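Shown here: start.tsv, TSV, C-alpha atoms.
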```tsv
chain	number	residue	atom	x	y	z
K	186	MET	CA	18.64	0.86	13.82
K	187	ALA	CA	20.31	3.82	12.16
K	188	PRO	CA	22.49	1.93	9.68
K	189	LEU	CA	19.53	-0.23	8.71
K	190	ALA	CA	17.28	2.64	7.74
K	191	PRO	CA	19.01	5.99	7.43
K	192	ARG	CA	15.61	7.64	7.30
K	193	SER	CA	12.70	6.04	9.08
K	194	GLY	CA	9.67	5.05	7.05
K	195	ASP	CA	7.65	7.68	8.91
K	196	ALA	CA	10.14	10.42	8.09
K	197	VAL	CA	10.29	9.47	4.44
K	198	PHE	CA	6.52	9.13	4.15
K	199	ALA	CA	6.07	12.58	5.67
K	200	ASN	CA	8.25	14.08	2.96
K	201	VAL	CA	6.92	12.56	-0.23
K	202	GLU	CA	4.04	13.88	-2.29
K	203	ARG	CA	0.87	12.02	-1.53
K	204	VAL	CA	-2.69	11.54	-2.67
K	205	ASN	CA	-5.78	10.46	-0.78
K	206	ALA	CA	-5.74	6.76	0.10
K	207	GLU	CA	-9.42	6.27	-0.69
K	208	LEU	CA	-8.93	7.66	-4.18
K	209	PHE	CA	-6.08	5.20	-4.65
K	210	THR	CA	-8.13	2.30	-3.29
K	211	LEU	CA	-11.07	3.06	-5.57
K	212	THR	CA	-8.80	3.57	-8.57
K	213	TYR	CA	-7.13	0.24	-7.93
K	214	GLY	CA	-10.54	-1.37	-7.59
K	215	ALA	CA	-11.44	0.06	-10.99
K	216	ILE	CA	-8.38	-1.63	-12.53
K	217	VAL	CA	-9.25	-5.00	-11.06
K	218	ARG	CA	-12.85	-4.72	-12.22
K	219	GLN	CA	-11.72	-3.74	-15.70
K	220	LEU	CA	-9.34	-6.70	-15.92
K	221	LEU	CA	-12.03	-9.11	-14.74
K	222	THR	CA	-14.32	-7.81	-17.47
K	223	ASP	CA	-11.69	-7.88	-20.20
K	224	LEU	CA	-9.79	-11.05	-19.40
K	225	GLU	CA	-12.58	-13.20	-17.94
K	226	GLU	CA	-10.22	-15.85	-16.49
K	227	VAL	CA	-9.32	-15.05	-12.87
K	228	GLU	CA	-5.92	-16.69	-13.35
K	229	GLU	CA	-5.17	-14.29	-16.20
K	230	VAL	CA	-6.17	-11.34	-14.01
K	231	ASN	CA	-3.74	-12.53	-11.33
K	232	LYS	CA	-0.95	-12.66	-13.93
K	233	GLN	CA	-1.78	-9.27	-15.36
K	234	LEU	CA	-1.90	-7.59	-11.93
K	235	ASP	CA	1.47	-9.11	-11.11
K	236	GLN	CA	2.90	-7.87	-14.41
K	237	MET	CA	1.49	-4.36	-13.88
K	238	GLY	CA	3.05	-4.36	-10.42
K	239	TYR	CA	6.38	-5.50	-11.83
K	240	ASN	CA	6.37	-2.63	-14.32
K	241	ILE	CA	5.59	-0.20	-11.51
K	242	GLY	CA	8.22	-1.69	-9.20
K	243	ILE	CA	11.08	-1.31	-11.66
K	244	ARG	CA	10.32	2.42	-11.70
K	245	LEU	CA	9.40	2.99	-8.05
K	246	ILE	CA	12.77	1.68	-6.91
K	247	ASP	CA	14.36	4.90	-8.18
K	248	GLU	CA	12.10	7.03	-6.01
K	249	PHE	CA	12.75	4.72	-3.11
K	250	LEU	CA	16.54	4.96	-3.40
K	251	ALA	CA	16.42	8.73	-3.97
K	252	LYS	CA	14.17	9.54	-1.03
K	253	SER	CA	15.00	6.95	1.60
K	254	ASN	CA	18.79	7.34	1.76
K	255	VAL	CA	18.92	3.58	2.16
K	256	SER	CA	22.22	2.30	0.84
K	257	ARG	CA	23.21	-1.19	-0.15
K	258	CYS	CA	21.72	-3.85	2.16
K	259	VAL	CA	24.26	-6.35	3.48
K	260	ASP	CA	22.01	-9.35	3.05
K	261	PHE	CA	18.49	-10.49	2.23
K	262	LYS	CA	17.45	-10.17	5.88
K	263	GLU	CA	18.24	-6.50	5.88
K	264	THR	CA	16.49	-6.13	2.52
K	265	ALA	CA	13.32	-7.68	3.90
K	266	ASP	CA	13.42	-5.38	6.93
K	267	VAL	CA	13.84	-2.33	4.72
K	268	ILE	CA	10.85	-3.34	2.57
K	269	ALA	CA	8.73	-3.96	5.67
K	270	LYS	CA	9.63	-0.83	7.60
K	271	VAL	CA	10.63	1.76	4.99
K	272	GLY	CA	9.38	0.71	1.55
K	273	LEU	CA	5.80	-0.20	2.45
K	274	LYS	CA	5.57	2.83	4.72
K	275	MET	CA	6.91	5.15	2.05
K	276	PHE	CA	4.46	4.06	-0.62
K	277	LEU	CA	1.37	2.77	1.16
K	278	GLY	CA	1.72	4.32	4.61
K	279	VAL	CA	1.73	0.92	6.34
K	280	THR	CA	4.36	-1.39	7.76
K	281	ALA	CA	4.75	-5.15	7.99
K	282	SER	CA	6.40	-7.58	10.34
K	283	VAL	CA	9.01	-9.95	8.97
K	284	THR	CA	8.60	-13.52	10.16
K	285	ASN	CA	9.01	-17.21	9.32
K	286	TRP	CA	12.60	-17.11	8.10
K	287	ASP	CA	13.92	-20.35	6.67
K	288	VAL	CA	17.29	-21.63	7.93
K	289	ASP	CA	19.17	-20.34	4.87
K	290	GLY	CA	17.94	-16.80	5.35
K	291	THR	CA	16.56	-16.76	1.81
K	292	SER	CA	12.80	-17.01	2.46
K	293	CYS	CA	10.61	-15.02	4.80
K	294	SER	CA	7.11	-13.67	5.21
K	295	LEU	CA	5.89	-10.10	5.36
K	296	VAL	CA	2.72	-9.87	7.43
K	297	LEU	CA	0.96	-6.61	6.68
K	298	GLU	CA	-0.47	-4.70	9.61
K	299	ASP	CA	-2.92	-2.89	7.41
K	300	ASN	CA	-3.74	-3.02	3.71
K	301	PRO	CA	-5.15	0.09	2.04
K	302	LEU	CA	-5.72	-1.77	-1.23
K	303	VAL	CA	-8.67	-3.69	0.14
K	304	ASP	CA	-10.80	-1.12	1.96
K	305	PHE	CA	-14.48	-1.72	1.10
K	306	VAL	CA	-13.62	-4.74	-1.04
K	307	GLU	CA	-15.63	-7.92	-0.99
K	308	LEU	CA	-15.08	-10.61	-3.57
K	309	PRO	CA	-18.11	-12.17	-5.23
K	310	ASP	CA	-18.21	-15.96	-5.42
K	311	THR	CA	-17.14	-15.88	-9.05
K	312	CYS	CA	-13.77	-14.38	-8.08
K	313	GLN	CA	-12.66	-16.80	-5.41
K	314	GLY	CA	-9.39	-17.61	-7.18
K	315	LEU	CA	-8.44	-13.97	-7.45
K	316	TYR	CA	-5.37	-12.61	-5.72
K	317	TYR	CA	-6.78	-9.13	-5.45
K	318	CYS	CA	-3.54	-7.55	-4.19
K	319	ASN	CA	-1.29	-9.23	-6.73
K	320	ILE	CA	-0.06	-5.88	-7.94
K	321	LEU	CA	1.82	-5.54	-4.65
K	322	SER	CA	3.75	-8.78	-5.03
K	323	GLY	CA	4.65	-7.65	-8.54
K	324	VAL	CA	5.89	-4.28	-7.29
K	325	ILE	CA	8.21	-5.91	-4.75
K	326	ARG	CA	9.50	-8.42	-7.31
K	327	GLY	CA	10.16	-5.66	-9.85
K	328	ALA	CA	11.84	-3.35	-7.37
K	329	LEU	CA	14.12	-6.09	-6.05
K	330	GLU	CA	15.11	-7.14	-9.54
K	331	MET	CA	16.46	-3.63	-10.13
K	332	VAL	CA	18.80	-4.07	-7.17
K	333	SER	CA	20.04	-7.39	-8.52
K	334	MET	CA	17.81	-9.74	-6.53
K	335	LYS	CA	15.71	-12.20	-8.43
K	336	THR	CA	12.82	-13.23	-6.21
K	337	GLU	CA	9.55	-15.09	-6.14
K	338	VAL	CA	6.82	-13.22	-4.25
K	339	THR	CA	3.53	-14.95	-3.51
K	340	TRP	CA	0.52	-14.54	-1.25
K	341	VAL	CA	0.21	-17.25	1.37
K	342	ARG	CA	-2.53	-15.63	3.43
K	343	ASP	CA	-5.17	-13.24	2.15
K	344	MET	CA	-8.05	-11.93	4.27
K	345	LEU	CA	-10.23	-11.55	1.18
K	346	ARG	CA	-9.93	-15.32	0.85
K	347	GLY	CA	-10.87	-15.90	4.47
K	348	ASP	CA	-7.42	-15.96	6.08
K	349	ASP	CA	-6.64	-14.08	9.27
K	350	ALA	CA	-3.94	-11.80	7.81
K	351	TYR	CA	-2.22	-10.63	4.65
K	352	GLU	CA	1.03	-12.58	4.34
K	353	LEU	CA	3.44	-12.30	1.44
K	354	ARG	CA	6.13	-14.92	1.02
K	355	LEU	CA	9.44	-13.62	-0.32
K	356	LYS	CA	11.92	-16.13	-1.69
K	357	LEU	CA	15.34	-15.10	-2.94
K	358	LEU	CA	16.09	-17.13	-6.06
K	359	LYS	CA	19.32	-15.56	-7.20
K	360	GLN	CA	21.45	-12.61	-6.26
K	361	VAL	CA	23.17	-11.22	-9.32
K	362	PRO	CA	26.48	-9.60	-8.43
K	363	GLU	CA	26.54	-5.96	-9.40
K	364	GLU	CA	28.54	-5.26	-12.50
K	365	TYR	CA	30.77	-2.27	-12.48
K	366	PRO	CA	31.55	-0.36	-15.62
K	367	TYR	CA	35.24	-0.80	-14.96
K	368	LYS	CA	37.54	-3.63	-13.97
K	369	ASP	CA	39.59	-3.58	-10.77
K	370	ASP	CA	42.87	-3.85	-12.63
K	371	GLU	CA	42.24	-0.99	-15.01
F	83	MET	CA	-14.18	32.39	3.42
F	84	ALA	CA	-15.30	30.43	6.48
F	85	PRO	CA	-18.83	29.64	5.36
F	86	LEU	CA	-17.53	28.58	1.96
F	87	ALA	CA	-15.15	25.95	3.24
F	88	PRO	CA	-15.55	25.08	6.91
F	89	ARG	CA	-12.27	23.22	6.75
F	90	SER	CA	-9.59	24.38	4.37
F	91	GLY	CA	-8.34	21.98	1.72
F	92	ASP	CA	-4.95	21.93	3.45
F	93	ALA	CA	-6.46	21.05	6.80
F	94	VAL	CA	-8.58	18.28	5.34
F	95	PHE	CA	-5.73	16.89	3.25
F	96	ALA	CA	-3.49	16.78	6.32
F	97	ASN	CA	-6.04	14.61	8.11
F	98	VAL	CA	-6.92	11.96	5.56
F	99	GLU	CA	-5.06	8.73	4.96
F	100	ARG	CA	-2.73	9.02	2.05
F	101	VAL	CA	-0.48	7.01	-0.21
F	102	ASN	CA	2.57	8.01	-2.21
F	103	ALA	CA	1.71	10.15	-5.23
F	104	GLU	CA	4.21	8.43	-7.50
F	105	LEU	CA	2.67	5.05	-6.75
F	106	PHE	CA	-0.71	6.50	-7.66
F	107	THR	CA	0.64	8.06	-10.86
F	108	LEU	CA	2.26	4.83	-11.99
F	109	THR	CA	-0.82	2.81	-11.08
F	110	TYR	CA	-3.01	5.15	-13.07
F	111	GLY	CA	-0.58	4.89	-15.97
F	112	ALA	CA	-0.93	1.12	-15.81
F	113	ILE	CA	-4.71	1.44	-16.15
F	114	VAL	CA	-4.44	3.67	-19.20
F	115	ARG	CA	-1.91	1.36	-20.83
F	116	GLN	CA	-4.12	-1.64	-20.13
F	117	LEU	CA	-7.17	0.06	-21.65
F	118	LEU	CA	-5.21	1.08	-24.73
F	119	THR	CA	-4.15	-2.52	-25.20
F	120	ASP	CA	-7.58	-4.00	-24.59
F	121	LEU	CA	-9.84	-1.49	-26.31
F	122	GLU	CA	-7.60	-0.35	-29.16
F	123	GLU	CA	-9.75	2.65	-30.09
F	124	VAL	CA	-8.58	5.80	-28.29
F	125	GLU	CA	-12.14	7.12	-28.25
F	126	GLU	CA	-13.27	4.00	-26.38
F	127	VAL	CA	-10.46	4.49	-23.86
F	128	ASN	CA	-11.63	8.06	-23.25
F	129	LYS	CA	-15.15	6.79	-22.58
F	130	GLN	CA	-13.98	4.01	-20.31
F	131	LEU	CA	-11.76	6.31	-18.24
F	132	ASP	CA	-14.67	8.71	-17.84
F	133	GLN	CA	-16.94	5.88	-16.75
F	134	MET	CA	-14.38	4.58	-14.25
F	135	GLY	CA	-14.07	8.08	-12.88
F	136	TYR	CA	-17.84	8.39	-12.58
F	137	ASN	CA	-18.01	5.17	-10.59
F	138	ILE	CA	-15.27	6.44	-8.30
F	139	GLY	CA	-16.86	9.88	-7.94
F	140	ILE	CA	-20.22	8.57	-6.76
F	141	ARG	CA	-18.37	6.89	-3.88
F	142	LEU	CA	-15.74	9.54	-3.12
F	143	ILE	CA	-18.43	12.14	-2.46
F	144	ASP	CA	-19.26	10.38	0.82
F	145	GLU	CA	-15.68	10.71	2.03
F	146	PHE	CA	-15.66	14.30	0.88
F	147	LEU	CA	-18.84	15.23	2.79
F	148	ALA	CA	-17.76	13.31	5.88
F	149	LYS	CA	-14.26	14.80	6.11
F	150	SER	CA	-14.61	18.31	4.75
F	151	ASN	CA	-17.52	19.58	6.87
F	152	VAL	CA	-18.72	21.34	3.74
F	153	SER	CA	-22.48	21.77	3.89
F	154	ARG	CA	-24.91	22.54	1.13
F	155	CYS	CA	-23.50	25.04	-1.41
F	156	VAL	CA	-25.82	27.95	-2.14
F	157	ASP	CA	-25.15	27.94	-5.87
F	158	PHE	CA	-23.01	26.49	-8.63
F	159	LYS	CA	-20.37	29.18	-8.12
F	160	GLU	CA	-19.81	28.09	-4.58
F	161	THR	CA	-19.79	24.47	-5.72
F	162	ALA	CA	-17.05	25.18	-8.26
F	163	ASP	CA	-14.98	26.98	-5.62
F	164	VAL	CA	-15.32	24.08	-3.21
F	165	ILE	CA	-14.19	21.59	-5.88
F	166	ALA	CA	-11.23	23.79	-6.79
F	167	LYS	CA	-10.04	24.60	-3.28
F	168	VAL	CA	-11.19	21.73	-1.09
F	169	GLY	CA	-12.09	18.73	-3.25
F	170	LEU	CA	-9.03	18.63	-5.50
F	171	LYS	CA	-6.80	19.40	-2.54
F	172	MET	CA	-8.34	16.67	-0.42
F	173	PHE	CA	-7.91	13.95	-3.00
F	174	LEU	CA	-4.98	14.92	-5.21
F	175	GLY	CA	-3.19	17.45	-3.04
F	176	VAL	CA	-3.52	20.21	-5.65
F	177	THR	CA	-5.82	23.18	-6.17
F	178	ALA	CA	-7.26	24.92	-9.22
F	179	SER	CA	-8.36	28.41	-10.09
F	180	VAL	CA	-11.94	28.97	-11.20
F	181	THR	CA	-12.24	31.18	-14.28
F	182	ASN	CA	-14.21	31.94	-17.44
F	183	TRP	CA	-17.69	32.05	-15.95
F	184	ASP	CA	-20.49	32.46	-18.43
F	185	VAL	CA	-23.12	35.13	-17.76
F	186	ASP	CA	-25.64	32.64	-16.34
F	187	GLY	CA	-23.23	31.34	-13.75
F	188	THR	CA	-23.70	27.80	-15.03
F	189	SER	CA	-20.39	27.20	-16.86
F	190	CYS	CA	-16.86	27.76	-15.66
F	191	SER	CA	-13.36	26.45	-16.03
F	192	LEU	CA	-11.07	24.85	-13.47
F	193	VAL	CA	-7.43	25.49	-14.32
F	194	LEU	CA	-5.24	23.06	-12.45
F	195	GLU	CA	-2.08	24.39	-10.90
F	196	ASP	CA	-0.47	20.99	-10.89
F	197	ASN	CA	-1.54	17.57	-12.08
F	198	PRO	CA	-0.11	14.51	-10.35
F	199	LEU	CA	-1.76	12.17	-12.87
F	200	VAL	CA	0.65	13.09	-15.63
F	201	ASP	CA	4.09	13.00	-14.02
F	202	PHE	CA	6.52	11.25	-16.40
F	203	VAL	CA	3.83	10.82	-19.04
F	204	GLU	CA	4.45	11.37	-22.73
F	205	LEU	CA	1.90	10.31	-25.29
F	206	PRO	CA	3.11	8.43	-28.34
F	207	ASP	CA	1.87	9.64	-31.72
F	208	THR	CA	-0.68	6.82	-31.87
F	209	CYS	CA	-2.50	8.24	-28.82
F	210	GLN	CA	-2.99	11.81	-29.92
F	211	GLY	CA	-6.76	11.67	-29.44
F	212	LEU	CA	-6.44	10.39	-25.90
F	213	TYR	CA	-7.74	12.41	-22.96
F	214	TYR	CA	-5.27	10.88	-20.56
F	215	CYS	CA	-6.84	12.47	-17.46
F	216	ASN	CA	-10.41	11.64	-18.37
F	217	ILE	CA	-10.86	9.76	-15.12
F	218	LEU	CA	-10.79	13.11	-13.33
F	219	SER	CA	-13.63	14.65	-15.32
F	220	GLY	CA	-15.61	11.48	-14.62
F	221	VAL	CA	-14.93	11.71	-10.88
F	222	ILE	CA	-16.23	15.29	-10.74
F	223	ARG	CA	-19.30	14.44	-12.82
F	224	GLY	CA	-20.09	11.43	-10.62
F	225	ALA	CA	-19.57	13.29	-7.36
F	226	LEU	CA	-21.76	16.21	-8.44
F	227	GLU	CA	-24.52	13.90	-9.57
F	228	MET	CA	-24.74	12.55	-6.02
F	229	VAL	CA	-25.44	16.04	-4.74
F	230	SER	CA	-28.19	16.53	-7.33
F	231	MET	CA	-26.24	18.38	-10.01
F	232	LYS	CA	-26.19	16.95	-13.47
F	233	THR	CA	-23.12	18.30	-15.25
F	234	GLU	CA	-21.03	17.95	-18.34
F	235	VAL	CA	-17.29	17.97	-17.61
F	236	THR	CA	-14.82	18.16	-20.48
F	237	TRP	CA	-11.16	18.96	-21.06
F	238	VAL	CA	-10.60	22.14	-23.04
F	239	ARG	CA	-6.87	22.41	-22.51
F	240	ASP	CA	-4.48	19.54	-21.89
F	241	MET	CA	-0.71	19.93	-21.68
F	242	LEU	CA	-0.21	16.38	-22.95
F	243	ARG	CA	-1.86	17.59	-26.15
F	244	GLY	CA	0.38	20.63	-26.39
F	245	ASP	CA	-1.74	23.20	-24.54
F	246	ASP	CA	-0.27	25.52	-21.93
F	247	ALA	CA	-2.41	24.30	-19.00
F	248	TYR	CA	-4.90	21.72	-17.80
F	249	GLU	CA	-8.35	23.25	-18.05
F	250	LEU	CA	-11.57	21.45	-17.25
F	251	ARG	CA	-14.87	22.94	-18.38
F	252	LEU	CA	-17.79	22.42	-15.99
F	253	LYS	CA	-21.28	22.99	-17.31
F	254	LEU	CA	-24.34	22.65	-15.08
F	255	LEU	CA	-27.06	20.94	-17.11
F	256	LYS	CA	-29.72	20.46	-14.50
F	257	GLN	CA	-30.08	20.88	-10.80
F	258	VAL	CA	-32.43	18.30	-9.40
F	259	PRO	CA	-34.25	19.62	-6.33
F	260	GLU	CA	-33.62	17.44	-3.32
F	261	GLU	CA	-36.52	15.22	-2.49
F	262	TYR	CA	-37.53	14.87	1.10
F	263	PRO	CA	-39.16	11.73	2.38
F	264	TYR	CA	-42.15	13.74	3.60
F	265	LYS	CA	-44.39	16.44	2.19
F	266	ASP	CA	-44.70	19.87	3.71
F	267	ASP	CA	-48.42	19.54	4.36
F	268	GLU	CA	-48.22	16.21	6.10
```
Could the structure of this file be written out as structure tokens, please?
Amino acid sequence: MAPLAPRSGDAVFANVERVNAELFTLTYGAIVRQLLTDLEEVEEVNKQLDQMGYNIGIRLIDEFLAKSNVSRCVDFKETADVIAKVGLKMFLGVTASVTNWDVDGTSCSLVLEDNPLVDFVELPDTCQGLYYCNILSGVIRGALEMVSMKTEVTWVRDMLRGDDAYELRLKLLKQVPEEYPYKDDE
Amino acid sequence: MAPLAPRSGDAVFANVERVNAELFTLTYGAIVRQLLTDLEEVEEVNKQLDQMGYNIGIRLIDEFLAKSNVSRCVDFKETADVIAKVGLKMFLGVTASVTNWDVDGTSCSLVLEDNPLVDFVELPDTCQGLYYCNILSGVIRGALEMVSMKTEVTWVRDMLRGDDAYELRLKLLKQVPEEYPYKDDE
């Protein structure tokens, strides 16, 4: 376990600055409500939440790398484990299980054990196409892009839509080799 | 001290569910950016942030009363102290000092010792009229209204606008007596 996660999610979470989860949940709810009012189309709200998440993810990755002591993951499997056990814990205080790997080891699911974004949330009938937690898929996509992994992150199960769990599907599209500022033969 | 705050802000904060402060800061930044894009007028953004905060405050007060064990405050002075030492701590993890009381004991200032909403924030020249943290004044106004105090809450100093501190002015406009569901002579 040690090489996988140099600091456990619990240890990292205990040492970062935090705010009250209910304040966060209500603030996030205010964003979604605002977007529904301004954009009208649920599909546009989904896109905007994903984009907001992406913009957050490309910045949060720095805090993650600085605080977690996680170094380069050897493969996408390790990356998924680190997101599930360290990343989600560090930022949201929850963990996920990693399941449903495809044979290539490039697609898997994160099944969230708890989801602080949705406390007290019920969707009215007019919002049935909404992916309420789409900010989260955007955050993961943005963060992974900053460590050279282009991914597609989508919700396949969503309790607000009547499913029995929150399940995010992660698909690795392309792994960009890291570029060094020097050449080996220099 | 004990009757003022049956549980200290630290004790309450240690026992509530929390999320990472940087995630909250970036998420809040995403709201402000979205409002600036959608509403265009900075004055409208200020109003909308205040309204969002109000809507959050009228719900957060329940969590505050449930978790803090704070009972009825005897006067507005005690109320201001509880906000500064317990409320802000419980939700944002910071405290404030209460200063500049007027002679009536109905107006005071909360000077924040730290402000997690503004980490990494710089306002571009086009946003100089923005009260970036206006959600916070709305939260306090909303929460107080639910305990029968009508208040006006405004920023008088704001470091994002070049001041040397974050100072919120609280003014008690009207204290509505609590109504009981029965009359004394029944």
Would you list the contacts of range 173-181 of chain F as a PDB file with C-alpha atoms, keeping the file's coordinate frame, taking every protein, DNA or RNA residue within 6 Å and counting all atoms listed in the file, but skipping same-chain residues closer than 3 positions in sequence?
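Final file, part20.pdb:
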```
ATOM      1  CA  VAL K 204      -2.690  11.540  -2.670  1.00  0.00           C
ATOM      2  CA  ASN K 205      -5.780  10.460  -0.780  1.00  0.00           C
TER       3      ASN K 205
ATOM      4  CA  ALA F 166     -11.230  23.790  -6.790  1.00  0.00           C
ATOM      5  CA  LYS F 167     -10.040  24.600  -3.280  1.00  0.00           C
ATOM      6  CA  LEU F 170      -9.030  18.630  -5.500  1.00  0.00           C
ATOM      7  CA  CYS F 190     -16.860  27.760 -15.660  1.00  0.00           C
ATOM      8  CA  SER F 191     -13.360  26.450 -16.030  1.00  0.00           C
ATOM      9  CA  LEU F 192     -11.070  24.850 -13.470  1.00  0.00           C
ATOM     10  CA  VAL F 193      -7.430  25.490 -14.320  1.00  0.00           C
ATOM     11  CA  LEU F 194      -5.240  23.060 -12.450  1.00  0.00           C
ATOM     12  CA  GLU F 195      -2.080  24.390 -10.900  1.00  0.00           C
TER      13      GLU F 195
END
```
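For the set F:Leu218, F:Val124, F:Asp186, F:Ser153, the residue with the smallest atom-to-atom gap to chain K is F:Leu218, counting only C-alpha atoms.
In this comparison, which uses only C-alpha atoms, the residue of F:Val152, F:Tyr136, F:Met172, F:Glu122 approaching Arg100 in chain F most closely is F:Met172.
Minimum distance to Met331 in chain K across K:Asp247, K:Asp235, K:Asp223, K:Asp195 (counting only C-alpha atoms) occurs at K:Asp247.
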> If we count all atoms listed in the file, which residues of chain F reach to within 9 Å of chain K? Please list them as an MDAnalysis selection string.
Replying inline: chainID F and resid 95 98:106 108:110 112:113 116:117 120 134:135 137:138 141:142 145 171:175 198
Need the shell around Arg257 in chain K: protein/DNA/RNA residues with any atom at most 9 Å away, counting only C-alpha atoms. Skip same-chain ones fewer than 3 positions apart. Format as a PDB file with C-alpha atoms, in the coordinates of the input?
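File result-v1.pdb, as written:
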```
ATOM      1  CA  ASP K 260      22.010  -9.350   3.050  1.00  0.00           C
ATOM      2  CA  THR K 264      16.490  -6.130   2.520  1.00  0.00           C
ATOM      3  CA  VAL K 332      18.800  -4.070  -7.170  1.00  0.00           C
TER       4      VAL K 332
END
```
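For the atom pair formed by CA of Trp237 in chain F and CA of Glu249 in chain F, the distance is 5.9 Å, given to one decimal.
Distance-wise, CA of Met231 in chain F and CA of Ser219 in chain F end up 14.2 Å apart.
Atom pair CA of Lys335 in chain K / CA of Asp287 in chain K: separated by 17.3 Å.
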